[in-house]
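Colleague: Structure file entry.cif, mmCIF, C-alpha atoms and all ligand atoms, is pasted below:
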data_input
loop_
_atom_site.label_atom_id
_atom_site.label_comp_id
_atom_site.auth_asym_id
_atom_site.auth_seq_id
_atom_site.Cartn_x
_atom_site.Cartn_y
_atom_site.Cartn_z
CA MET R 1 0.00 0.00 0.00
CA LYS R 2 1.38 3.40 -1.02
CA VAL R 3 1.10 5.79 1.92
CA ALA R 4 2.15 9.44 1.75
CA VAL R 5 2.31 12.16 4.37
CA TYR R 6 1.48 15.80 3.64
CA PRO R 7 3.04 17.88 6.44
CA GLY R 8 2.45 21.56 7.11
CA SER R 9 1.34 24.21 9.55
CA PHE R 10 -2.07 24.67 7.88
CA ASP R 11 -2.72 27.88 9.84
CA PRO R 12 -5.44 27.70 8.52
CA VAL R 13 -6.05 25.23 5.70
CA THR R 14 -6.83 26.92 2.34
CA TYR R 15 -8.27 25.76 -0.98
CA GLY R 16 -4.62 25.57 -2.17
CA HIS R 17 -3.83 22.92 0.46
CA LEU R 18 -7.13 21.13 -0.18
CA ASP R 19 -6.40 20.95 -3.91
CA ILE R 20 -3.05 19.25 -3.16
CA ILE R 21 -4.72 16.85 -0.68
CA LYS R 22 -7.42 15.89 -3.17
CA ARG R 23 -4.95 15.28 -5.99
CA ALA R 24 -2.62 13.30 -3.70
CA SER R 25 -5.55 11.16 -2.53
CA GLN R 26 -6.03 10.07 -6.15
CA MET R 27 -2.34 9.11 -6.49
CA PHE R 28 -1.77 7.24 -3.23
CA ASP R 29 -3.70 4.56 -1.37
CA LYS R 30 -3.62 6.57 1.83
CA VAL R 31 -2.70 10.19 2.60
CA ILE R 32 -1.95 11.41 6.10
CA VAL R 33 -2.18 15.16 6.56
CA ALA R 34 0.26 15.80 9.40
CA VAL R 35 -0.20 19.09 11.22
CA MET R 36 3.02 20.38 12.74
CA CYS R 37 2.99 21.61 16.29
CA ASN R 38 6.61 22.71 16.42
CA SER R 39 6.60 25.20 13.61
CA ALA R 40 9.10 28.06 13.84
CA LYS R 41 6.16 30.37 13.15
CA THR R 42 3.78 31.24 16.00
CA PRO R 43 0.42 29.97 14.75
CA LEU R 44 -2.83 31.92 15.00
CA PHE R 45 -4.83 28.72 15.59
CA THR R 46 -4.16 26.02 18.18
CA LEU R 47 -3.16 22.59 16.98
CA ASP R 48 -6.64 21.27 17.80
CA GLU R 49 -8.33 24.04 15.84
CA ARG R 50 -6.09 23.44 12.80
CA VAL R 51 -6.69 19.67 12.90
CA LYS R 52 -10.45 20.15 13.28
CA MET R 53 -10.68 22.55 10.31
CA ILE R 54 -8.82 20.12 8.03
CA ARG R 55 -10.84 17.10 9.25
CA GLU R 56 -14.05 18.91 8.39
CA SER R 57 -12.68 19.95 4.98
CA VAL R 58 -11.59 16.43 3.96
CA SER R 59 -14.55 14.50 5.34
CA GLY R 60 -15.53 13.49 1.79
CA LEU R 61 -12.17 11.84 1.05
CA ASN R 62 -12.15 8.37 2.54
CA ASN R 63 -8.41 7.63 2.19
CA VAL R 64 -7.29 10.88 3.87
CA TYR R 65 -6.48 10.99 7.60
CA VAL R 66 -5.54 14.02 9.68
CA GLU R 67 -3.01 13.71 12.51
CA SER R 68 -0.61 15.97 14.35
CA PHE R 69 3.04 15.54 15.13
CA SER R 70 5.92 17.23 16.89
CA GLY R 71 9.63 16.77 16.40
CA LEU R 72 11.34 15.84 13.17
CA LEU R 73 9.26 14.77 10.20
CA ILE R 74 11.64 11.89 9.44
CA ASP R 75 11.13 10.52 12.98
CA TYR R 76 7.36 10.63 12.42
CA CYS R 77 7.83 8.87 9.06
CA LYS R 78 9.96 6.17 10.65
CA LYS R 79 7.46 5.59 13.46
CA GLU R 80 4.56 5.34 10.98
CA ASN R 81 6.58 3.47 8.33
CA ILE R 82 6.01 6.19 5.70
CA HIS R 83 8.50 6.76 2.85
CA ILE R 84 6.84 9.50 0.81
CA VAL R 85 6.38 13.15 1.72
CA ILE R 86 4.15 15.42 -0.34
CA ARG R 87 4.76 19.14 -0.62
CA GLY R 88 3.12 21.78 -2.79
CA LEU R 89 5.01 24.23 -4.98
CA ARG R 90 3.42 27.54 -5.84
CA ALA R 91 6.20 29.55 -7.42
CA ILE R 92 9.94 29.66 -7.85
CA THR R 93 10.15 31.39 -4.47
CA ASP R 94 8.97 28.14 -2.77
CA PHE R 95 11.54 26.08 -4.64
CA GLU R 96 14.82 26.82 -2.89
CA TYR R 97 13.47 26.29 0.61
CA GLU R 98 11.53 23.17 -0.37
CA LEU R 99 14.53 21.66 -2.16
CA GLN R 100 16.70 22.21 0.92
CA ILE R 101 14.16 20.57 3.25
CA ALA R 102 13.59 17.65 0.86
CA GLN R 103 17.31 16.98 0.55
CA THR R 104 17.79 17.26 4.32
CA ASN R 105 15.00 14.75 4.93
CA LYS R 106 16.48 12.38 2.37
CA GLU R 107 19.96 12.60 3.91
CA LEU R 108 18.79 12.35 7.53
CA SER R 109 16.60 9.36 6.74
CA HIS R 110 19.43 7.56 4.88
CA ASN R 111 17.40 7.68 1.64
CA GLU R 112 14.34 6.17 3.31
CA VAL R 113 12.18 9.28 2.81
CA ASP R 114 11.63 10.90 -0.58
CA THR R 115 9.62 14.04 -1.37
CA VAL R 116 7.06 14.31 -4.15
CA PHE R 117 6.20 17.86 -5.27
CA LEU R 118 2.81 18.74 -6.66
CA THR R 119 2.60 22.05 -8.47
CA THR R 120 -0.28 24.25 -7.48
CA SER R 121 -3.36 24.51 -9.65
CA LEU R 122 -3.12 27.94 -11.29
CA GLN R 123 -6.23 29.37 -9.67
CA TYR R 124 -4.68 28.81 -6.22
CA SER R 125 -1.12 29.87 -6.98
CA TYR R 126 -1.55 33.23 -5.20
CA LEU R 127 -3.02 31.64 -2.06
CA SER R 128 -1.21 31.37 1.24
CA SER R 129 -2.41 31.06 4.83
CA SER R 130 -0.61 34.33 5.67
CA VAL R 131 -2.41 36.32 2.97
CA VAL R 132 -5.76 34.82 4.01
CA LYS R 133 -5.13 35.85 7.64
CA GLU R 134 -4.07 39.35 6.59
CA VAL R 135 -7.25 39.88 4.54
CA ALA R 136 -9.50 38.38 7.28
CA SER R 137 -7.91 40.63 9.90
CA TYR R 138 -9.34 43.63 7.98
CA ASN R 139 -12.72 41.90 7.54
CA GLY R 140 -12.01 41.41 3.81
CA ASP R 141 -13.69 38.72 1.73
CA ILE R 142 -11.84 35.42 2.07
CA THR R 143 -14.63 33.18 0.81
CA PRO R 144 -12.79 32.44 -2.50
CA CYS R 145 -9.78 31.20 -0.47
CA VAL R 146 -11.11 28.89 2.25
CA PRO R 147 -14.21 26.76 3.01
CA ASP R 148 -17.05 28.70 4.67
CA PHE R 149 -16.57 27.26 8.15
CA VAL R 150 -12.85 28.12 8.02
CA ALA R 151 -13.78 31.68 7.01
CA ASP R 152 -16.24 31.86 9.95
CA THR R 153 -13.58 30.62 12.37
CA LEU R 154 -11.14 33.22 11.07
CA TYR R 155 -13.62 36.11 11.31
CA LYS R 156 -14.49 35.03 14.87
CA LYS R 157 -10.82 34.94 15.79
CA TYR R 158 -10.49 38.55 14.63
CA GLY R 159 -13.68 39.58 16.44
CA PHE R 160 -15.85 40.21 13.35
CA ARG R 161 -18.46 37.53 14.15
CA LYS R 162 -20.13 36.31 17.31
P1 LIG C 1 4.66 25.30 5.99
O1 LIG C 1 4.67 23.82 6.11
O2 LIG C 1 5.86 25.82 5.24
O3 LIG C 1 4.32 26.04 7.24
P2 LIG C 1 1.97 25.51 4.90
O4 LIG C 1 1.32 24.84 6.03
O5 LIG C 1 1.47 26.90 4.58
O6 LIG C 1 3.53 25.64 4.95
O7 LIG C 1 1.84 24.62 3.60
C1 LIG C 1 2.12 23.26 3.57
C2 LIG C 1 2.45 22.86 2.14
O8 LIG C 1 1.43 23.27 1.26
C3 LIG C 1 3.73 23.48 1.58
O9 LIG C 1 4.35 22.51 0.78
C4 LIG C 1 3.25 24.63 0.75
O10 LIG C 1 4.17 24.95 -0.29
C5 LIG C 1 1.97 24.05 0.19
N1 LIG C 1 1.01 25.09 -0.18
C6 LIG C 1 0.59 26.14 0.54
N2 LIG C 1 -0.29 26.90 -0.16
C7 LIG C 1 -0.42 26.30 -1.37
C8 LIG C 1 -1.16 26.61 -2.57
N3 LIG C 1 -1.91 27.69 -2.66
N4 LIG C 1 -1.05 25.75 -3.61
C9 LIG C 1 -0.24 24.66 -3.53
N5 LIG C 1 0.49 24.33 -2.46
C10 LIG C 1 0.41 25.13 -1.38
#
Once you've parsed the file, please lay out its structure as structure tokens.

Modeller:
Amino acid sequence: MKVAVYPGSFDPVTYGHLDIIKRASQMFDKVIVAVMCNSAKTPLFTLDERVKMIRESVSGLNNVYVESFSGLLIDYCKKENIHIVIRGLRAITDFEYELQIAQTNKELSHNEVDTVFLTTSLQYSYLSSSVVKEVASYNGDITPCVPDFVADTLYKKYGFRK
């Protein structure tokens, strides 16, 4: 069985992430979305909130599971016996960082963990969690970027909804 892990902060999940998850779920037997709790960034949402928002968004995909992890991704992969990592690429600006991480994971895992890159669908190439948060913080319209319940959660976080 081909199992792949899609790691990220998902703070919060966007249609860009969901597009990658959906496409990956058609390529692999099982996809685990692994939400990082040791990100260098300080997240807006708690780990539980981030996991819950993704679970709700992927409820229609029966080979997708949402978990959380802390520590090194390669340690998580070893524990779960996973050899494939999925990452999304939006633009050339993502490339250098992603290449470095992918090569580090490959080296540290003694070639046990490889990374598969999926390029973003064009309509989501501008989307990032940071931009979505920025727009929501000014009560701007984020409905083209995230599912409705994620938008509601964001507006509530910024005090625009009860
Ligand atoms: P990070 O893990 O760097 O904190 P994110 O949680 O924002 O990043 O994203 C996780 C993965 O999803 C990364 O590989 C990122 O490049 C990818 N990604 C983010 N937004 C999009 C998008 N709009 N289209 C395709 N891939 C994306």

Colleague: If you measure from CA of Ala102 (chain R) to atom O9 of ligand LIG 1 (chain C), what distance in Å do you get, rounded to one decimal?

Modeller: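 Answer for the CA of Ala102 (chain R) to atom O9 of ligand LIG 1 (chain C) separation: 10.4 Å.
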
Colleague: Got a sec to check which residues lie within 10 Å of ligand LIG 1 (chain C), using all atoms listed in the file, and send them as a compact mmCIF listing (two decimals) with C-alpha atoms, in the frame of the given file?

Modeller:
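Output (out.txt):
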# COMPACT_ATOMS: atom_id res chain seq x y z
CA TYR R 6 1.48 15.80 3.64
CA PRO R 7 3.04 17.88 6.44
CA GLY R 8 2.45 21.56 7.11
CA SER R 9 1.34 24.21 9.55
CA PHE R 10 -2.07 24.67 7.88
CA ASP R 11 -2.72 27.88 9.84
CA PRO R 12 -5.44 27.70 8.52
CA VAL R 13 -6.05 25.23 5.70
CA THR R 14 -6.83 26.92 2.34
CA TYR R 15 -8.27 25.76 -0.98
CA GLY R 16 -4.62 25.57 -2.17
CA HIS R 17 -3.83 22.92 0.46
CA LEU R 18 -7.13 21.13 -0.18
CA ASP R 19 -6.40 20.95 -3.91
CA ILE R 20 -3.05 19.25 -3.16
CA ILE R 21 -4.72 16.85 -0.68
CA VAL R 33 -2.18 15.16 6.56
CA ALA R 34 0.26 15.80 9.40
CA VAL R 35 -0.20 19.09 11.22
CA MET R 36 3.02 20.38 12.74
CA SER R 39 6.60 25.20 13.61
CA ALA R 40 9.10 28.06 13.84
CA LYS R 41 6.16 30.37 13.15
CA PRO R 43 0.42 29.97 14.75
CA VAL R 85 6.38 13.15 1.72
CA ILE R 86 4.15 15.42 -0.34
CA ARG R 87 4.76 19.14 -0.62
CA GLY R 88 3.12 21.78 -2.79
CA LEU R 89 5.01 24.23 -4.98
CA ARG R 90 3.42 27.54 -5.84
CA ALA R 91 6.20 29.55 -7.42
CA THR R 93 10.15 31.39 -4.47
CA ASP R 94 8.97 28.14 -2.77
CA PHE R 95 11.54 26.08 -4.64
CA TYR R 97 13.47 26.29 0.61
CA GLU R 98 11.53 23.17 -0.37
CA VAL R 116 7.06 14.31 -4.15
CA PHE R 117 6.20 17.86 -5.27
CA LEU R 118 2.81 18.74 -6.66
CA THR R 119 2.60 22.05 -8.47
CA THR R 120 -0.28 24.25 -7.48
CA SER R 121 -3.36 24.51 -9.65
CA LEU R 122 -3.12 27.94 -11.29
CA GLN R 123 -6.23 29.37 -9.67
CA TYR R 124 -4.68 28.81 -6.22
CA SER R 125 -1.12 29.87 -6.98
CA TYR R 126 -1.55 33.23 -5.20
CA LEU R 127 -3.02 31.64 -2.06
CA SER R 128 -1.21 31.37 1.24
CA SER R 129 -2.41 31.06 4.83
CA SER R 130 -0.61 34.33 5.67
CA CYS R 145 -9.78 31.20 -0.47

Colleague: Counting all atoms listed in the file, what is within 8 Å of region 57-61 of chain R, bar same-chain residues fewer than 5 positions away, as a PyMOL selection string?

Modeller: chain R and resi 18+22+25+147

Colleague: Keeping C-alpha atoms, export the residues of the selection given above as a short mmCIF file (atom, residue, chain, number, x, y, z; two decimals), keeping the file's coordinate frame.

Modeller:
data_model
loop_
_atom_site.label_atom_id
_atom_site.label_comp_id
_atom_site.auth_asym_id
_atom_site.auth_seq_id
_atom_site.Cartn_x
_atom_site.Cartn_y
_atom_site.Cartn_z
CA LEU R 18 -7.13 21.13 -0.18
CA LYS R 22 -7.42 15.89 -3.17
CA SER R 25 -5.55 11.16 -2.53
CA PRO R 147 -14.21 26.76 3.01
#

Colleague: Just how far from CA of Val150 (chain R) is CA of Ala136 (chain R), in Å to one decimal?

Modeller: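 Atom-to-atom, CA of Ala136 (chain R) to CA of Val150 (chain R), that is 10.8 Å.
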
Colleague: What separation in Å, quoted to one decimal, exists between CA of Asn62 (chain R) and CA of Ile82 (chain R)?

Modeller: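 Separation of CA of Asn62 (chain R) and CA of Ile82 (chain R): 18.6 Å.
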
Colleague: In terms of the shortest atom-to-atom distance over only C-alpha atoms, which of R:Arg23, R:Arg161, R:Lys52, R:Lys30 is closest to Ile84 (chain R)?

Modeller: R:Lys30

Colleague: May I have the residues within 9 Å of Leu108 (chain R) as a count of residues only, using all atoms listed in the file and disregarding those fewer than 5 positions away in the same chain?

Modeller: 3

Colleague: Residues proximal to (6.4, 18.6, 12.2) were defined as those with any atom within 6 Å of that point in the file's coordinates, counting only C-alpha atoms. Which are they, as a ChimeraX atom specification?

Modeller: /R:36,38,69-73

Colleague: Reconstruct N, CA and C atoms of region 78-110 of chain R from the incomplete input and present them as a PDB file, in the coordinates of the input.

Modeller:
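Final file, part34.pdb:
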ATOM      1  N   LYS R  78       9.402   7.457  10.228  1.00  0.00           N
ATOM      2  CA  LYS R  78       9.960   6.170  10.650  1.00  0.00           C
ATOM      3  C   LYS R  78       8.966   5.430  11.558  1.00  0.00           C
ATOM      4  N   LYS R  79       8.422   6.183  12.511  1.00  0.00           N
ATOM      5  CA  LYS R  79       7.460   5.590  13.460  1.00  0.00           C
ATOM      6  C   LYS R  79       6.248   5.022  12.724  1.00  0.00           C
ATOM      7  N   GLU R  80       5.776   5.749  11.694  1.00  0.00           N
ATOM      8  CA  GLU R  80       4.560   5.340  10.980  1.00  0.00           C
ATOM      9  C   GLU R  80       4.867   4.498   9.736  1.00  0.00           C
ATOM     10  N   ASN R  81       6.161   4.238   9.500  1.00  0.00           N
ATOM     11  CA  ASN R  81       6.580   3.470   8.330  1.00  0.00           C
ATOM     12  C   ASN R  81       6.113   4.118   7.007  1.00  0.00           C
ATOM     13  N   ILE R  82       6.385   5.434   6.896  1.00  0.00           N
ATOM     14  CA  ILE R  82       6.010   6.190   5.700  1.00  0.00           C
ATOM     15  C   ILE R  82       7.300   6.583   4.963  1.00  0.00           C
ATOM     16  N   HIS R  83       7.286   6.463   3.623  1.00  0.00           N
ATOM     17  CA  HIS R  83       8.500   6.760   2.850  1.00  0.00           C
ATOM     18  C   HIS R  83       8.309   7.898   1.859  1.00  0.00           C
ATOM     19  N   ILE R  84       7.101   8.435   1.786  1.00  0.00           N
ATOM     20  CA  ILE R  84       6.840   9.500   0.810  1.00  0.00           C
ATOM     21  C   ILE R  84       6.242  10.731   1.487  1.00  0.00           C
ATOM     22  N   VAL R  85       6.878  11.877   1.213  1.00  0.00           N
ATOM     23  CA  VAL R  85       6.380  13.150   1.720  1.00  0.00           C
ATOM     24  C   VAL R  85       5.851  13.949   0.538  1.00  0.00           C
ATOM     25  N   ILE R  86       4.702  14.572   0.723  1.00  0.00           N
ATOM     26  CA  ILE R  86       4.150  15.420  -0.340  1.00  0.00           C
ATOM     27  C   ILE R  86       4.310  16.876   0.076  1.00  0.00           C
ATOM     28  N   ARG R  87       4.744  17.701  -0.871  1.00  0.00           N
ATOM     29  CA  ARG R  87       4.760  19.140  -0.620  1.00  0.00           C
ATOM     30  C   ARG R  87       4.219  19.837  -1.862  1.00  0.00           C
ATOM     31  N   GLY R  88       3.658  21.021  -1.663  1.00  0.00           N
ATOM     32  CA  GLY R  88       3.120  21.780  -2.790  1.00  0.00           C
ATOM     33  C   GLY R  88       4.101  22.865  -3.193  1.00  0.00           C
ATOM     34  N   LEU R  89       4.163  23.137  -4.483  1.00  0.00           N
ATOM     35  CA  LEU R  89       5.010  24.230  -4.980  1.00  0.00           C
ATOM     36  C   LEU R  89       4.131  25.248  -5.684  1.00  0.00           C
ATOM     37  N   ARG R  90       4.210  26.488  -5.214  1.00  0.00           N
ATOM     38  CA  ARG R  90       3.420  27.540  -5.840  1.00  0.00           C
ATOM     39  C   ARG R  90       4.213  28.297  -6.898  1.00  0.00           C
ATOM     40  N   ALA R  91       5.400  28.705  -6.524  1.00  0.00           N
ATOM     41  CA  ALA R  91       6.200  29.550  -7.420  1.00  0.00           C
ATOM     42  C   ALA R  91       7.655  29.259  -7.176  1.00  0.00           C
ATOM     43  N   ILE R  92       8.500  29.873  -7.967  1.00  0.00           N
ATOM     44  CA  ILE R  92       9.940  29.660  -7.850  1.00  0.00           C
ATOM     45  C   ILE R  92      10.432  30.022  -6.448  1.00  0.00           C
ATOM     46  N   THR R  93       9.749  30.959  -5.820  1.00  0.00           N
ATOM     47  CA  THR R  93      10.150  31.390  -4.470  1.00  0.00           C
ATOM     48  C   THR R  93      10.027  30.252  -3.453  1.00  0.00           C
ATOM     49  N   ASP R  94       9.103  29.305  -3.670  1.00  0.00           N
ATOM     50  CA  ASP R  94       8.970  28.140  -2.770  1.00  0.00           C
ATOM     51  C   ASP R  94      10.131  27.165  -2.983  1.00  0.00           C
ATOM     52  N   PHE R  95      10.698  27.188  -4.203  1.00  0.00           N
ATOM     53  CA  PHE R  95      11.540  26.080  -4.640  1.00  0.00           C
ATOM     54  C   PHE R  95      12.800  25.868  -3.800  1.00  0.00           C
ATOM     55  N   GLU R  96      13.531  26.962  -3.558  1.00  0.00           N
ATOM     56  CA  GLU R  96      14.820  26.820  -2.890  1.00  0.00           C
ATOM     57  C   GLU R  96      14.681  26.236  -1.492  1.00  0.00           C
ATOM     58  N   TYR R  97      13.723  26.764  -0.754  1.00  0.00           N
ATOM     59  CA  TYR R  97      13.470  26.290   0.610  1.00  0.00           C
ATOM     60  C   TYR R  97      13.017  24.825   0.595  1.00  0.00           C
ATOM     61  N   GLU R  98      12.082  24.526  -0.301  1.00  0.00           N
ATOM     62  CA  GLU R  98      11.530  23.170  -0.370  1.00  0.00           C
ATOM     63  C   GLU R  98      12.593  22.140  -0.771  1.00  0.00           C
ATOM     64  N   LEU R  99      13.471  22.553  -1.706  1.00  0.00           N
ATOM     65  CA  LEU R  99      14.530  21.660  -2.160  1.00  0.00           C
ATOM     66  C   LEU R  99      15.471  21.335  -0.990  1.00  0.00           C
ATOM     67  N   GLN R 100      15.800  22.374  -0.218  1.00  0.00           N
ATOM     68  CA  GLN R 100      16.700  22.210   0.920  1.00  0.00           C
ATOM     69  C   GLN R 100      16.103  21.239   1.964  1.00  0.00           C
ATOM     70  N   ILE R 101      14.823  21.427   2.258  1.00  0.00           N
ATOM     71  CA  ILE R 101      14.160  20.570   3.250  1.00  0.00           C
ATOM     72  C   ILE R 101      14.082  19.128   2.729  1.00  0.00           C
ATOM     73  N   ALA R 102      13.727  18.994   1.440  1.00  0.00           N
ATOM     74  CA  ALA R 102      13.590  17.650   0.860  1.00  0.00           C
ATOM     75  C   ALA R 102      14.916  16.910   0.900  1.00  0.00           C
ATOM     76  N   GLN R 103      15.993  17.630   0.555  1.00  0.00           N
ATOM     77  CA  GLN R 103      17.310  16.980   0.550  1.00  0.00           C
ATOM     78  C   GLN R 103      17.764  16.644   1.971  1.00  0.00           C
ATOM     79  N   THR R 104      17.448  17.525   2.911  1.00  0.00           N
ATOM     80  CA  THR R 104      17.790  17.260   4.320  1.00  0.00           C
ATOM     81  C   THR R 104      17.063  16.011   4.802  1.00  0.00           C
ATOM     82  N   ASN R 105      15.776  15.924   4.496  1.00  0.00           N
ATOM     83  CA  ASN R 105      15.000  14.750   4.930  1.00  0.00           C
ATOM     84  C   ASN R 105      15.533  13.464   4.312  1.00  0.00           C
ATOM     85  N   LYS R 106      15.948  13.567   3.055  1.00  0.00           N
ATOM     86  CA  LYS R 106      16.480  12.380   2.370  1.00  0.00           C
ATOM     87  C   LYS R 106      17.793  11.929   3.020  1.00  0.00           C
ATOM     88  N   GLU R 107      18.658  12.911   3.289  1.00  0.00           N
ATOM     89  CA  GLU R 107      19.960  12.600   3.910  1.00  0.00           C
ATOM     90  C   GLU R 107      19.756  12.030   5.318  1.00  0.00           C
ATOM     91  N   LEU R 108      18.963  12.754   6.128  1.00  0.00           N
ATOM     92  CA  LEU R 108      18.790  12.350   7.530  1.00  0.00           C
ATOM     93  C   LEU R 108      18.116  10.990   7.675  1.00  0.00           C
ATOM     94  N   SER R 109      17.322  10.638   6.663  1.00  0.00           N
ATOM     95  CA  SER R 109      16.600   9.360   6.740  1.00  0.00           C
ATOM     96  C   SER R 109      17.375   8.235   6.049  1.00  0.00           C
ATOM     97  N   HIS R 110      18.617   8.541   5.616  1.00  0.00           N
ATOM     98  CA  HIS R 110      19.430   7.560   4.880  1.00  0.00           C
ATOM     99  C   HIS R 110      18.668   7.025   3.663  1.00  0.00           C
TER     100      HIS R 110
END
